[in-house]
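Chemist: This one is start-v3.pdb, PDB, N, CA and C atoms, pLDDT in the B column.
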```pdb
ATOM      1  N   MET Q 666     -32.576  -0.245 -14.938  1.00 46.00           N
ATOM      2  CA  MET Q 666     -32.156  -1.293 -14.036  1.00 46.00           C
ATOM      3  C   MET Q 666     -30.704  -1.052 -13.620  1.00 46.00           C
ATOM      4  N   ALA Q 667     -30.448  -1.035 -12.354  1.00 50.00           N
ATOM      5  CA  ALA Q 667     -29.084  -0.801 -11.839  1.00 50.00           C
ATOM      6  C   ALA Q 667     -28.259  -2.073 -11.977  1.00 50.00           C
ATOM      7  N   SER Q 668     -27.003  -1.886 -12.341  1.00 48.00           N
ATOM      8  CA  SER Q 668     -26.144  -3.055 -12.479  1.00 48.00           C
ATOM      9  C   SER Q 668     -25.617  -3.489 -11.116  1.00 48.00           C
ATOM     10  N   LYS Q 669     -25.389  -4.740 -10.980  1.00 54.00           N
ATOM     11  CA  LYS Q 669     -24.952  -5.314  -9.711  1.00 54.00           C
ATOM     12  C   LYS Q 669     -23.506  -4.924  -9.417  1.00 54.00           C
ATOM     13  N   GLY Q 670     -23.239  -4.537  -8.171  1.00 52.00           N
ATOM     14  CA  GLY Q 670     -21.872  -4.222  -7.775  1.00 52.00           C
ATOM     15  C   GLY Q 670     -21.472  -2.775  -7.997  1.00 52.00           C
ATOM     16  N   ARG Q 671     -22.338  -1.954  -8.549  1.00 54.00           N
ATOM     17  CA  ARG Q 671     -22.024  -0.551  -8.803  1.00 54.00           C
ATOM     18  C   ARG Q 671     -22.753   0.313  -7.765  1.00 54.00           C
ATOM     19  N   GLY Q 672     -22.200   1.465  -7.497  1.00 53.00           N
ATOM     20  CA  GLY Q 672     -22.868   2.384  -6.590  1.00 53.00           C
ATOM     21  C   GLY Q 672     -22.233   2.398  -5.210  1.00 53.00           C
ATOM     22  N   ARG Q 673     -22.944   2.925  -4.273  1.00 55.00           N
ATOM     23  CA  ARG Q 673     -22.428   3.137  -2.924  1.00 55.00           C
ATOM     24  C   ARG Q 673     -22.059   1.849  -2.207  1.00 55.00           C
ATOM     25  N   SER Q 674     -22.763   0.786  -2.423  1.00 54.00           N
ATOM     26  CA  SER Q 674     -22.511  -0.446  -1.686  1.00 54.00           C
ATOM     27  C   SER Q 674     -21.116  -1.015  -1.978  1.00 54.00           C
ATOM     28  N   SER Q 675     -20.559  -0.759  -3.145  1.00 55.00           N
ATOM     29  CA  SER Q 675     -19.245  -1.302  -3.472  1.00 55.00           C
ATOM     30  C   SER Q 675     -18.112  -0.460  -2.897  1.00 55.00           C
ATOM     31  N   ARG Q 676     -18.393   0.765  -2.441  1.00 60.00           N
ATOM     32  CA  ARG Q 676     -17.353   1.638  -1.889  1.00 60.00           C
ATOM     33  C   ARG Q 676     -16.841   1.131  -0.546  1.00 60.00           C
ATOM     34  N   GLY Q 677     -17.655   0.481   0.230  1.00 66.00           N
ATOM     35  CA  GLY Q 677     -17.250  -0.037   1.531  1.00 66.00           C
ATOM     36  C   GLY Q 677     -16.159  -1.085   1.411  1.00 66.00           C
ATOM     37  N   ASN Q 678     -16.156  -1.810   0.326  1.00 88.00           N
ATOM     38  CA  ASN Q 678     -15.164  -2.844   0.109  1.00 88.00           C
ATOM     39  C   ASN Q 678     -13.768  -2.250  -0.051  1.00 88.00           C
ATOM     40  N   ALA Q 679     -13.648  -1.090  -0.698  1.00 90.00           N
ATOM     41  CA  ALA Q 679     -12.349  -0.451  -0.880  1.00 90.00           C
ATOM     42  C   ALA Q 679     -11.765  -0.045   0.467  1.00 90.00           C
ATOM     43  N   GLU Q 680     -12.588   0.510   1.335  1.00 92.00           N
ATOM     44  CA  GLU Q 680     -12.101   0.905   2.663  1.00 92.00           C
ATOM     45  C   GLU Q 680     -11.726  -0.321   3.488  1.00 92.00           C
ATOM     46  N   GLN Q 681     -12.463  -1.388   3.323  1.00 93.00           N
ATOM     47  CA  GLN Q 681     -12.154  -2.634   4.026  1.00 93.00           C
ATOM     48  C   GLN Q 681     -10.789  -3.163   3.586  1.00 93.00           C
ATOM     49  N   LEU Q 682     -10.500  -3.087   2.300  1.00 92.00           N
ATOM     50  CA  LEU Q 682      -9.196  -3.524   1.803  1.00 92.00           C
ATOM     51  C   LEU Q 682      -8.080  -2.606   2.285  1.00 92.00           C
ATOM     52  N   ARG Q 683      -8.332  -1.304   2.319  1.00 93.00           N
ATOM     53  CA  ARG Q 683      -7.321  -0.375   2.839  1.00 93.00           C
ATOM     54  C   ARG Q 683      -7.001  -0.695   4.284  1.00 93.00           C
ATOM     55  N   ARG Q 684      -8.017  -0.970   5.088  1.00 94.00           N
ATOM     56  CA  ARG Q 684      -7.776  -1.326   6.494  1.00 94.00           C
ATOM     57  C   ARG Q 684      -6.998  -2.624   6.602  1.00 94.00           C
ATOM     58  N   TYR Q 685      -7.333  -3.606   5.760  1.00 95.00           N
ATOM     59  CA  TYR Q 685      -6.624  -4.884   5.778  1.00 95.00           C
ATOM     60  C   TYR Q 685      -5.135  -4.680   5.526  1.00 95.00           C
ATOM     61  N   TRP Q 686      -4.794  -3.881   4.508  1.00 95.00           N
ATOM     62  CA  TRP Q 686      -3.386  -3.681   4.155  1.00 95.00           C
ATOM     63  C   TRP Q 686      -2.710  -2.625   5.020  1.00 95.00           C
ATOM     64  N   SER Q 687      -3.483  -1.817   5.756  1.00 94.00           N
ATOM     65  CA  SER Q 687      -2.897  -0.770   6.598  1.00 94.00           C
ATOM     66  C   SER Q 687      -2.711  -1.205   8.049  1.00 94.00           C
ATOM     67  N   THR Q 688      -3.696  -1.895   8.609  1.00 94.00           N
ATOM     68  CA  THR Q 688      -3.624  -2.243  10.031  1.00 94.00           C
ATOM     69  C   THR Q 688      -3.954  -3.701  10.323  1.00 94.00           C
ATOM     70  N   GLY Q 689      -4.437  -4.429   9.336  1.00 94.00           N
ATOM     71  CA  GLY Q 689      -4.857  -5.807   9.561  1.00 94.00           C
ATOM     72  C   GLY Q 689      -3.757  -6.821   9.286  1.00 94.00           C
ATOM     73  N   PRO Q 690      -4.133  -8.038   8.968  1.00 96.00           N
ATOM     74  CA  PRO Q 690      -3.162  -9.092   8.691  1.00 96.00           C
ATOM     75  C   PRO Q 690      -2.241  -8.775   7.506  1.00 96.00           C
ATOM     76  N   GLY Q 691      -2.734  -8.010   6.550  1.00 95.00           N
ATOM     77  CA  GLY Q 691      -1.893  -7.614   5.421  1.00 95.00           C
ATOM     78  C   GLY Q 691      -0.759  -6.702   5.856  1.00 95.00           C
ATOM     79  N   ALA Q 692      -1.028  -5.827   6.833  1.00 95.00           N
ATOM     80  CA  ALA Q 692       0.005  -4.924   7.344  1.00 95.00           C
ATOM     81  C   ALA Q 692       1.102  -5.700   8.054  1.00 95.00           C
ATOM     82  N   ALA Q 693       0.753  -6.801   8.685  1.00 96.00           N
ATOM     83  CA  ALA Q 693       1.761  -7.635   9.348  1.00 96.00           C
ATOM     84  C   ALA Q 693       2.706  -8.258   8.319  1.00 96.00           C
ATOM     85  N   LYS Q 694       2.187  -8.570   7.147  1.00 95.00           N
ATOM     86  CA  LYS Q 694       3.027  -9.115   6.075  1.00 95.00           C
ATOM     87  C   LYS Q 694       3.961  -8.056   5.513  1.00 95.00           C
ATOM     88  N   ILE Q 695       3.493  -6.804   5.470  1.00 95.00           N
ATOM     89  CA  ILE Q 695       4.265  -5.725   4.852  1.00 95.00           C
ATOM     90  C   ILE Q 695       5.256  -5.091   5.839  1.00 95.00           C
ATOM     91  N   ARG Q 696       4.873  -5.007   7.116  1.00 95.00           N
ATOM     92  CA  ARG Q 696       5.706  -4.373   8.151  1.00 95.00           C
ATOM     93  C   ARG Q 696       6.064  -2.942   7.772  1.00 95.00           C
ATOM     94  N   TRP Q 697       5.054  -2.066   7.760  1.00 93.00           N
ATOM     95  CA  TRP Q 697       5.236  -0.670   7.385  1.00 93.00           C
ATOM     96  C   TRP Q 697       6.264   0.006   8.270  1.00 93.00           C
ATOM     97  N   GLY Q 698       7.073   0.887   7.693  1.00 89.00           N
ATOM     98  CA  GLY Q 698       8.063   1.655   8.435  1.00 89.00           C
ATOM     99  C   GLY Q 698       9.402   0.965   8.580  1.00 89.00           C
ATOM    100  N   THR Q 699       9.560  -0.182   7.942  1.00 90.00           N
ATOM    101  CA  THR Q 699      10.835  -0.894   7.976  1.00 90.00           C
ATOM    102  C   THR Q 699      11.409  -0.919   6.559  1.00 90.00           C
ATOM    103  N   PRO Q 700      12.728  -1.074   6.428  1.00 90.00           N
ATOM    104  CA  PRO Q 700      13.309  -1.127   5.078  1.00 90.00           C
ATOM    105  C   PRO Q 700      12.664  -2.226   4.228  1.00 90.00           C
ATOM    106  N   GLY Q 701      12.313  -1.879   3.003  1.00 91.00           N
ATOM    107  CA  GLY Q 701      11.719  -2.840   2.075  1.00 91.00           C
ATOM    108  C   GLY Q 701      10.215  -2.943   2.154  1.00 91.00           C
ATOM    109  N   ASP Q 702       9.562  -2.050   2.922  1.00 93.00           N
ATOM    110  CA  ASP Q 702       8.113  -2.145   3.083  1.00 93.00           C
ATOM    111  C   ASP Q 702       7.368  -1.948   1.766  1.00 93.00           C
ATOM    112  N   TRP Q 703       7.809  -0.992   0.947  1.00 94.00           N
ATOM    113  CA  TRP Q 703       7.135  -0.777  -0.332  1.00 94.00           C
ATOM    114  C   TRP Q 703       7.323  -1.982  -1.252  1.00 94.00           C
ATOM    115  N   LYS Q 704       8.503  -2.565  -1.236  1.00 95.00           N
ATOM    116  CA  LYS Q 704       8.767  -3.723  -2.092  1.00 95.00           C
ATOM    117  C   LYS Q 704       7.895  -4.910  -1.667  1.00 95.00           C
ATOM    118  N   ARG Q 705       7.752  -5.110  -0.355  1.00 96.00           N
ATOM    119  CA  ARG Q 705       6.890  -6.197   0.124  1.00 96.00           C
ATOM    120  C   ARG Q 705       5.439  -5.934  -0.245  1.00 96.00           C
ATOM    121  N   CYS Q 706       4.998  -4.676  -0.124  1.00 96.00           N
ATOM    122  CA  CYS Q 706       3.632  -4.319  -0.509  1.00 96.00           C
ATOM    123  C   CYS Q 706       3.409  -4.613  -1.985  1.00 96.00           C
ATOM    124  N   ASN Q 707       4.327  -4.163  -2.806  1.00 96.00           N
ATOM    125  CA  ASN Q 707       4.194  -4.374  -4.247  1.00 96.00           C
ATOM    126  C   ASN Q 707       4.166  -5.860  -4.583  1.00 96.00           C
ATOM    127  N   ARG Q 708       5.000  -6.624  -3.931  1.00 96.00           N
ATOM    128  CA  ARG Q 708       5.042  -8.064  -4.185  1.00 96.00           C
ATOM    129  C   ARG Q 708       3.722  -8.731  -3.805  1.00 96.00           C
ATOM    130  N   GLN Q 709       3.154  -8.335  -2.658  1.00 96.00           N
ATOM    131  CA  GLN Q 709       1.889  -8.920  -2.207  1.00 96.00           C
ATOM    132  C   GLN Q 709       0.712  -8.500  -3.088  1.00 96.00           C
ATOM    133  N   LEU Q 710       0.622  -7.208  -3.384  1.00 96.00           N
ATOM    134  CA  LEU Q 710      -0.544  -6.701  -4.102  1.00 96.00           C
ATOM    135  C   LEU Q 710      -0.497  -6.915  -5.603  1.00 96.00           C
ATOM    136  N   SER Q 711       0.678  -7.092  -6.176  1.00 96.00           N
ATOM    137  CA  SER Q 711       0.758  -7.288  -7.624  1.00 96.00           C
ATOM    138  C   SER Q 711       0.088  -8.596  -8.045  1.00 96.00           C
ATOM    139  N   LYS Q 712      -0.073  -9.534  -7.121  1.00 95.00           N
ATOM    140  CA  LYS Q 712      -0.804 -10.776  -7.414  1.00 95.00           C
ATOM    141  C   LYS Q 712      -2.252 -10.472  -7.785  1.00 95.00           C
ATOM    142  N   TYR Q 713      -2.793  -9.422  -7.160  1.00 93.00           N
ATOM    143  CA  TYR Q 713      -4.203  -9.090  -7.335  1.00 93.00           C
ATOM    144  C   TYR Q 713      -4.437  -7.901  -8.261  1.00 93.00           C
ATOM    145  N   MET Q 714      -3.476  -6.965  -8.299  1.00 94.00           N
ATOM    146  CA  MET Q 714      -3.684  -5.722  -9.024  1.00 94.00           C
ATOM    147  C   MET Q 714      -2.816  -5.566 -10.258  1.00 94.00           C
ATOM    148  N   GLY Q 715      -1.827  -6.390 -10.438  1.00 95.00           N
ATOM    149  CA  GLY Q 715      -0.926  -6.246 -11.576  1.00 95.00           C
ATOM    150  C   GLY Q 715      -0.059  -5.005 -11.425  1.00 95.00           C
ATOM    151  N   ALA Q 716       0.136  -4.270 -12.510  1.00 95.00           N
ATOM    152  CA  ALA Q 716       1.010  -3.094 -12.505  1.00 95.00           C
ATOM    153  C   ALA Q 716       0.443  -1.946 -11.667  1.00 95.00           C
ATOM    154  N   ARG Q 717      -0.864  -1.944 -11.428  1.00 96.00           N
ATOM    155  CA  ARG Q 717      -1.472  -0.880 -10.612  1.00 96.00           C
ATOM    156  C   ARG Q 717      -1.029  -0.938  -9.162  1.00 96.00           C
ATOM    157  N   ALA Q 718      -0.438  -2.043  -8.733  1.00 96.00           N
ATOM    158  CA  ALA Q 718      -0.009  -2.196  -7.345  1.00 96.00           C
ATOM    159  C   ALA Q 718       1.057  -1.174  -6.970  1.00 96.00           C
ATOM    160  N   LYS Q 719       1.890  -0.759  -7.905  1.00 96.00           N
ATOM    161  CA  LYS Q 719       2.951   0.207  -7.599  1.00 96.00           C
ATOM    162  C   LYS Q 719       2.376   1.513  -7.087  1.00 96.00           C
ATOM    163  N   GLY Q 720       1.406   2.058  -7.781  1.00 95.00           N
ATOM    164  CA  GLY Q 720       0.792   3.309  -7.365  1.00 95.00           C
ATOM    165  C   GLY Q 720      -0.013   3.159  -6.087  1.00 95.00           C
ATOM    166  N   TYR Q 721      -0.709   2.042  -5.962  1.00 96.00           N
ATOM    167  CA  TYR Q 721      -1.518   1.821  -4.766  1.00 96.00           C
ATOM    168  C   TYR Q 721      -0.625   1.669  -3.540  1.00 96.00           C
ATOM    169  N   CYS Q 722       0.497   0.986  -3.691  1.00 96.00           N
ATOM    170  CA  CYS Q 722       1.428   0.824  -2.573  1.00 96.00           C
ATOM    171  C   CYS Q 722       2.060   2.161  -2.200  1.00 96.00           C
ATOM    172  N   GLN Q 723       2.285   3.016  -3.178  1.00 95.00           N
ATOM    173  CA  GLN Q 723       2.809   4.348  -2.878  1.00 95.00           C
ATOM    174  C   GLN Q 723       1.812   5.122  -2.012  1.00 95.00           C
ATOM    175  N   ARG Q 724       0.540   5.022  -2.356  1.00 95.00           N
ATOM    176  CA  ARG Q 724      -0.493   5.698  -1.561  1.00 95.00           C
ATOM    177  C   ARG Q 724      -0.619   5.089  -0.176  1.00 95.00           C
ATOM    178  N   LEU Q 725      -0.571   3.761  -0.094  1.00 95.00           N
ATOM    179  CA  LEU Q 725      -0.633   3.113   1.217  1.00 95.00           C
ATOM    180  C   LEU Q 725       0.574   3.485   2.070  1.00 95.00           C
ATOM    181  N   HIS Q 726       1.746   3.597   1.447  1.00 94.00           N
ATOM    182  CA  HIS Q 726       2.960   3.965   2.183  1.00 94.00           C
ATOM    183  C   HIS Q 726       2.794   5.352   2.787  1.00 94.00           C
ATOM    184  N   LYS Q 727       2.292   6.300   2.010  1.00 94.00           N
ATOM    185  CA  LYS Q 727       2.060   7.653   2.499  1.00 94.00           C
ATOM    186  C   LYS Q 727       1.041   7.644   3.635  1.00 94.00           C
ATOM    187  N   ARG Q 728       0.000   6.870   3.479  1.00 94.00           N
ATOM    188  CA  ARG Q 728      -1.055   6.795   4.492  1.00 94.00           C
ATOM    189  C   ARG Q 728      -0.539   6.197   5.798  1.00 94.00           C
ATOM    190  N   ASN Q 729       0.319   5.202   5.720  1.00 93.00           N
ATOM    191  CA  ASN Q 729       0.759   4.480   6.914  1.00 93.00           C
ATOM    192  C   ASN Q 729       2.007   5.040   7.569  1.00 93.00           C
ATOM    193  N   THR Q 730       2.882   5.672   6.800  1.00 91.00           N
ATOM    194  CA  THR Q 730       4.119   6.186   7.382  1.00 91.00           C
ATOM    195  C   THR Q 730       4.162   7.709   7.418  1.00 91.00           C
ATOM    196  N   GLY Q 731       3.318   8.362   6.625  1.00 91.00           N
ATOM    197  CA  GLY Q 731       3.289   9.811   6.596  1.00 91.00           C
ATOM    198  C   GLY Q 731       4.209  10.432   5.556  1.00 91.00           C
ATOM    199  N   VAL Q 732       5.020   9.631   4.881  1.00 91.00           N
ATOM    200  CA  VAL Q 732       5.941  10.140   3.859  1.00 91.00           C
ATOM    201  C   VAL Q 732       5.914   9.206   2.650  1.00 91.00           C
ATOM    202  N   TYR Q 733       6.308   9.758   1.506  1.00 91.00           N
ATOM    203  CA  TYR Q 733       6.422   8.932   0.309  1.00 91.00           C
ATOM    204  C   TYR Q 733       7.728   8.146   0.335  1.00 91.00           C
ATOM    205  N   THR Q 734       7.835   7.138  -0.501  1.00 88.00           N
ATOM    206  CA  THR Q 734       9.003   6.252  -0.471  1.00 88.00           C
ATOM    207  C   THR Q 734      10.295   6.966  -0.836  1.00 88.00           C
ATOM    208  N   GLY Q 735      10.272   7.932  -1.710  1.00 85.00           N
ATOM    209  CA  GLY Q 735      11.489   8.610  -2.132  1.00 85.00           C
ATOM    210  C   GLY Q 735      11.925   9.748  -1.225  1.00 85.00           C
ATOM    211  N   SER Q 736      11.147  10.039  -0.201  1.00 85.00           N
ATOM    212  CA  SER Q 736      11.436  11.169   0.680  1.00 85.00           C
ATOM    213  C   SER Q 736      12.631  10.874   1.589  1.00 85.00           C
ATOM    214  N   ARG Q 737      13.392  11.902   1.898  1.00 84.00           N
ATOM    215  CA  ARG Q 737      14.494  11.761   2.856  1.00 84.00           C
ATOM    216  C   ARG Q 737      13.977  11.465   4.255  1.00 84.00           C
ATOM    217  N   LEU Q 738      12.738  11.794   4.511  1.00 84.00           N
ATOM    218  CA  LEU Q 738      12.135  11.557   5.822  1.00 84.00           C
ATOM    219  C   LEU Q 738      11.607  10.141   5.993  1.00 84.00           C
ATOM    220  N   ASN Q 739      11.687   9.325   4.959  1.00 81.00           N
ATOM    221  CA  ASN Q 739      11.185   7.960   5.000  1.00 81.00           C
ATOM    222  C   ASN Q 739      11.973   7.150   6.034  1.00 81.00           C
ATOM    223  N   PRO Q 740      11.303   6.614   7.064  1.00 71.00           N
ATOM    224  CA  PRO Q 740      12.018   5.875   8.099  1.00 71.00           C
ATOM    225  C   PRO Q 740      12.635   4.562   7.590  1.00 71.00           C
ATOM    226  N   GLY Q 741      12.115   4.010   6.520  1.00 69.00           N
ATOM    227  CA  GLY Q 741      12.633   2.758   5.984  1.00 69.00           C
ATOM    228  C   GLY Q 741      13.640   2.949   4.870  1.00 69.00           C
ATOM    229  N   ARG Q 742      14.001   4.193   4.599  1.00 67.00           N
ATOM    230  CA  ARG Q 742      14.913   4.482   3.497  1.00 67.00           C
ATOM    231  C   ARG Q 742      16.315   3.996   3.820  1.00 67.00           C
ATOM    232  N   ARG Q 743      16.937   3.392   2.851  1.00 65.00           N
ATOM    233  CA  ARG Q 743      18.329   2.937   3.013  1.00 65.00           C
ATOM    234  C   ARG Q 743      19.264   4.121   2.946  1.00 65.00           C
ATOM    235  N   ARG Q 744      20.205   4.182   3.822  1.00 62.00           N
ATOM    236  CA  ARG Q 744      21.165   5.289   3.852  1.00 62.00           C
ATOM    237  C   ARG Q 744      22.219   5.097   2.782  1.00 62.00           C
ATOM    238  N   GLY Q 745      22.724   6.199   2.263  1.00 60.00           N
ATOM    239  CA  GLY Q 745      23.791   6.140   1.261  1.00 60.00           C
ATOM    240  C   GLY Q 745      23.291   6.193  -0.178  1.00 60.00           C
ATOM    241  N   ARG Q 746      21.993   6.069  -0.389  1.00 54.00           N
ATOM    242  CA  ARG Q 746      21.436   6.152  -1.745  1.00 54.00           C
ATOM    243  C   ARG Q 746      20.917   7.555  -1.969  1.00 54.00           C
ATOM    244  N   ARG Q 747      21.097   8.077  -3.159  1.00 52.00           N
ATOM    245  CA  ARG Q 747      20.613   9.433  -3.457  1.00 52.00           C
ATOM    246  C   ARG Q 747      19.593   9.416  -4.530  1.00 52.00           C
TER
END
```
Show the structure stored in the file as structure tokens.

Modeler:
Amino acid sequence: MASKGRGRSSRGNAEQLRRYWSTGPGAAKIRWGTPGDWKRCNRQLSKYMGARAKGYCQRLHKRNTGVYTGSRLNPGRRRGRR
């Protein structure tokens, strides 16, 4: 007997959440590409994911801006910090 919520049908939900936080109403809250975007993402998602939000926000940041948060190419990076 297959358990409920496991298998291929549950994978669509992950992509739906990625779209919500990347281009949907969640992205409007985060404002990707502006200073503090990772911090806003972490603050929003930690309500639901706990400590795992840090890594997930890092992946979302890379997906939405093309660079990681610590990169010199990060458009939202504060100048003067090394």

Chemist: Just to confirm, what's the straight-line distance from CA of Ala693 (chain Q) to atom N of Arg737 (chain Q) in Å (one decimal)?

Modeler: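 Straight-line distance from CA of Ala693 (chain Q) to atom N of Arg737 (chain Q) works out to 23.9 Å.
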
Chemist: Find the residues around Thr734 (chain Q) up to 12 Å (only C-alpha atoms counted), leave out those fewer than 5 positions away in its own chain, and share them as a PDB file with N, CA and C atoms, in the coordinates of the input.

Modeler:
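Wrote part.pdb, looks like this:
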```
ATOM      1  N   TRP Q 697       5.054  -2.066   7.760  1.00 93.00           N
ATOM      2  CA  TRP Q 697       5.236  -0.670   7.385  1.00 93.00           C
ATOM      3  C   TRP Q 697       6.264   0.006   8.270  1.00 93.00           C
ATOM      4  N   GLY Q 698       7.073   0.887   7.693  1.00 89.00           N
ATOM      5  CA  GLY Q 698       8.063   1.655   8.435  1.00 89.00           C
ATOM      6  C   GLY Q 698       9.402   0.965   8.580  1.00 89.00           C
ATOM      7  N   THR Q 699       9.560  -0.182   7.942  1.00 90.00           N
ATOM      8  CA  THR Q 699      10.835  -0.894   7.976  1.00 90.00           C
ATOM      9  C   THR Q 699      11.409  -0.919   6.559  1.00 90.00           C
ATOM     10  N   PRO Q 700      12.728  -1.074   6.428  1.00 90.00           N
ATOM     11  CA  PRO Q 700      13.309  -1.127   5.078  1.00 90.00           C
ATOM     12  C   PRO Q 700      12.664  -2.226   4.228  1.00 90.00           C
ATOM     13  N   GLY Q 701      12.313  -1.879   3.003  1.00 91.00           N
ATOM     14  CA  GLY Q 701      11.719  -2.840   2.075  1.00 91.00           C
ATOM     15  C   GLY Q 701      10.215  -2.943   2.154  1.00 91.00           C
ATOM     16  N   ASP Q 702       9.562  -2.050   2.922  1.00 93.00           N
ATOM     17  CA  ASP Q 702       8.113  -2.145   3.083  1.00 93.00           C
ATOM     18  C   ASP Q 702       7.368  -1.948   1.766  1.00 93.00           C
ATOM     19  N   TRP Q 703       7.809  -0.992   0.947  1.00 94.00           N
ATOM     20  CA  TRP Q 703       7.135  -0.777  -0.332  1.00 94.00           C
ATOM     21  C   TRP Q 703       7.323  -1.982  -1.252  1.00 94.00           C
ATOM     22  N   LYS Q 704       8.503  -2.565  -1.236  1.00 95.00           N
ATOM     23  CA  LYS Q 704       8.767  -3.723  -2.092  1.00 95.00           C
ATOM     24  C   LYS Q 704       7.895  -4.910  -1.667  1.00 95.00           C
ATOM     25  N   CYS Q 706       4.998  -4.676  -0.124  1.00 96.00           N
ATOM     26  CA  CYS Q 706       3.632  -4.319  -0.509  1.00 96.00           C
ATOM     27  C   CYS Q 706       3.409  -4.613  -1.985  1.00 96.00           C
ATOM     28  N   LYS Q 719       1.890  -0.759  -7.905  1.00 96.00           N
ATOM     29  CA  LYS Q 719       2.951   0.207  -7.599  1.00 96.00           C
ATOM     30  C   LYS Q 719       2.376   1.513  -7.087  1.00 96.00           C
ATOM     31  N   GLY Q 720       1.406   2.058  -7.781  1.00 95.00           N
ATOM     32  CA  GLY Q 720       0.792   3.309  -7.365  1.00 95.00           C
ATOM     33  C   GLY Q 720      -0.013   3.159  -6.087  1.00 95.00           C
ATOM     34  N   CYS Q 722       0.497   0.986  -3.691  1.00 96.00           N
ATOM     35  CA  CYS Q 722       1.428   0.824  -2.573  1.00 96.00           C
ATOM     36  C   CYS Q 722       2.060   2.161  -2.200  1.00 96.00           C
ATOM     37  N   GLN Q 723       2.285   3.016  -3.178  1.00 95.00           N
ATOM     38  CA  GLN Q 723       2.809   4.348  -2.878  1.00 95.00           C
ATOM     39  C   GLN Q 723       1.812   5.122  -2.012  1.00 95.00           C
ATOM     40  N   ARG Q 724       0.540   5.022  -2.356  1.00 95.00           N
ATOM     41  CA  ARG Q 724      -0.493   5.698  -1.561  1.00 95.00           C
ATOM     42  C   ARG Q 724      -0.619   5.089  -0.176  1.00 95.00           C
ATOM     43  N   LEU Q 725      -0.571   3.761  -0.094  1.00 95.00           N
ATOM     44  CA  LEU Q 725      -0.633   3.113   1.217  1.00 95.00           C
ATOM     45  C   LEU Q 725       0.574   3.485   2.070  1.00 95.00           C
ATOM     46  N   HIS Q 726       1.746   3.597   1.447  1.00 94.00           N
ATOM     47  CA  HIS Q 726       2.960   3.965   2.183  1.00 94.00           C
ATOM     48  C   HIS Q 726       2.794   5.352   2.787  1.00 94.00           C
ATOM     49  N   LYS Q 727       2.292   6.300   2.010  1.00 94.00           N
ATOM     50  CA  LYS Q 727       2.060   7.653   2.499  1.00 94.00           C
ATOM     51  C   LYS Q 727       1.041   7.644   3.635  1.00 94.00           C
ATOM     52  N   ARG Q 728       0.000   6.870   3.479  1.00 94.00           N
ATOM     53  CA  ARG Q 728      -1.055   6.795   4.492  1.00 94.00           C
ATOM     54  C   ARG Q 728      -0.539   6.197   5.798  1.00 94.00           C
ATOM     55  N   ASN Q 729       0.319   5.202   5.720  1.00 93.00           N
ATOM     56  CA  ASN Q 729       0.759   4.480   6.914  1.00 93.00           C
ATOM     57  C   ASN Q 729       2.007   5.040   7.569  1.00 93.00           C
ATOM     58  N   ASN Q 739      11.687   9.325   4.959  1.00 81.00           N
ATOM     59  CA  ASN Q 739      11.185   7.960   5.000  1.00 81.00           C
ATOM     60  C   ASN Q 739      11.973   7.150   6.034  1.00 81.00           C
ATOM     61  N   PRO Q 740      11.303   6.614   7.064  1.00 71.00           N
ATOM     62  CA  PRO Q 740      12.018   5.875   8.099  1.00 71.00           C
ATOM     63  C   PRO Q 740      12.635   4.562   7.590  1.00 71.00           C
ATOM     64  N   GLY Q 741      12.115   4.010   6.520  1.00 69.00           N
ATOM     65  CA  GLY Q 741      12.633   2.758   5.984  1.00 69.00           C
ATOM     66  C   GLY Q 741      13.640   2.949   4.870  1.00 69.00           C
ATOM     67  N   ARG Q 742      14.001   4.193   4.599  1.00 67.00           N
ATOM     68  CA  ARG Q 742      14.913   4.482   3.497  1.00 67.00           C
ATOM     69  C   ARG Q 742      16.315   3.996   3.820  1.00 67.00           C
ATOM     70  N   ARG Q 743      16.937   3.392   2.851  1.00 65.00           N
ATOM     71  CA  ARG Q 743      18.329   2.937   3.013  1.00 65.00           C
ATOM     72  C   ARG Q 743      19.264   4.121   2.946  1.00 65.00           C
TER      73      ARG Q 743
END
```

Chemist: Between atom N of Met714 (chain Q) and atom C of Ser736 (chain Q), what is the distance in Å, rounded to a tenth?

Modeler: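 That distance, rounded to one decimal, is 26.0 Å.
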
Chemist: For a test of reading the model, state the distance in Å between CA of Lys694 (chain Q) and atom C of Tyr713 (chain Q), rounded to one decimal.

Modeler: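 Interatomic distance here is 16.2 Å.
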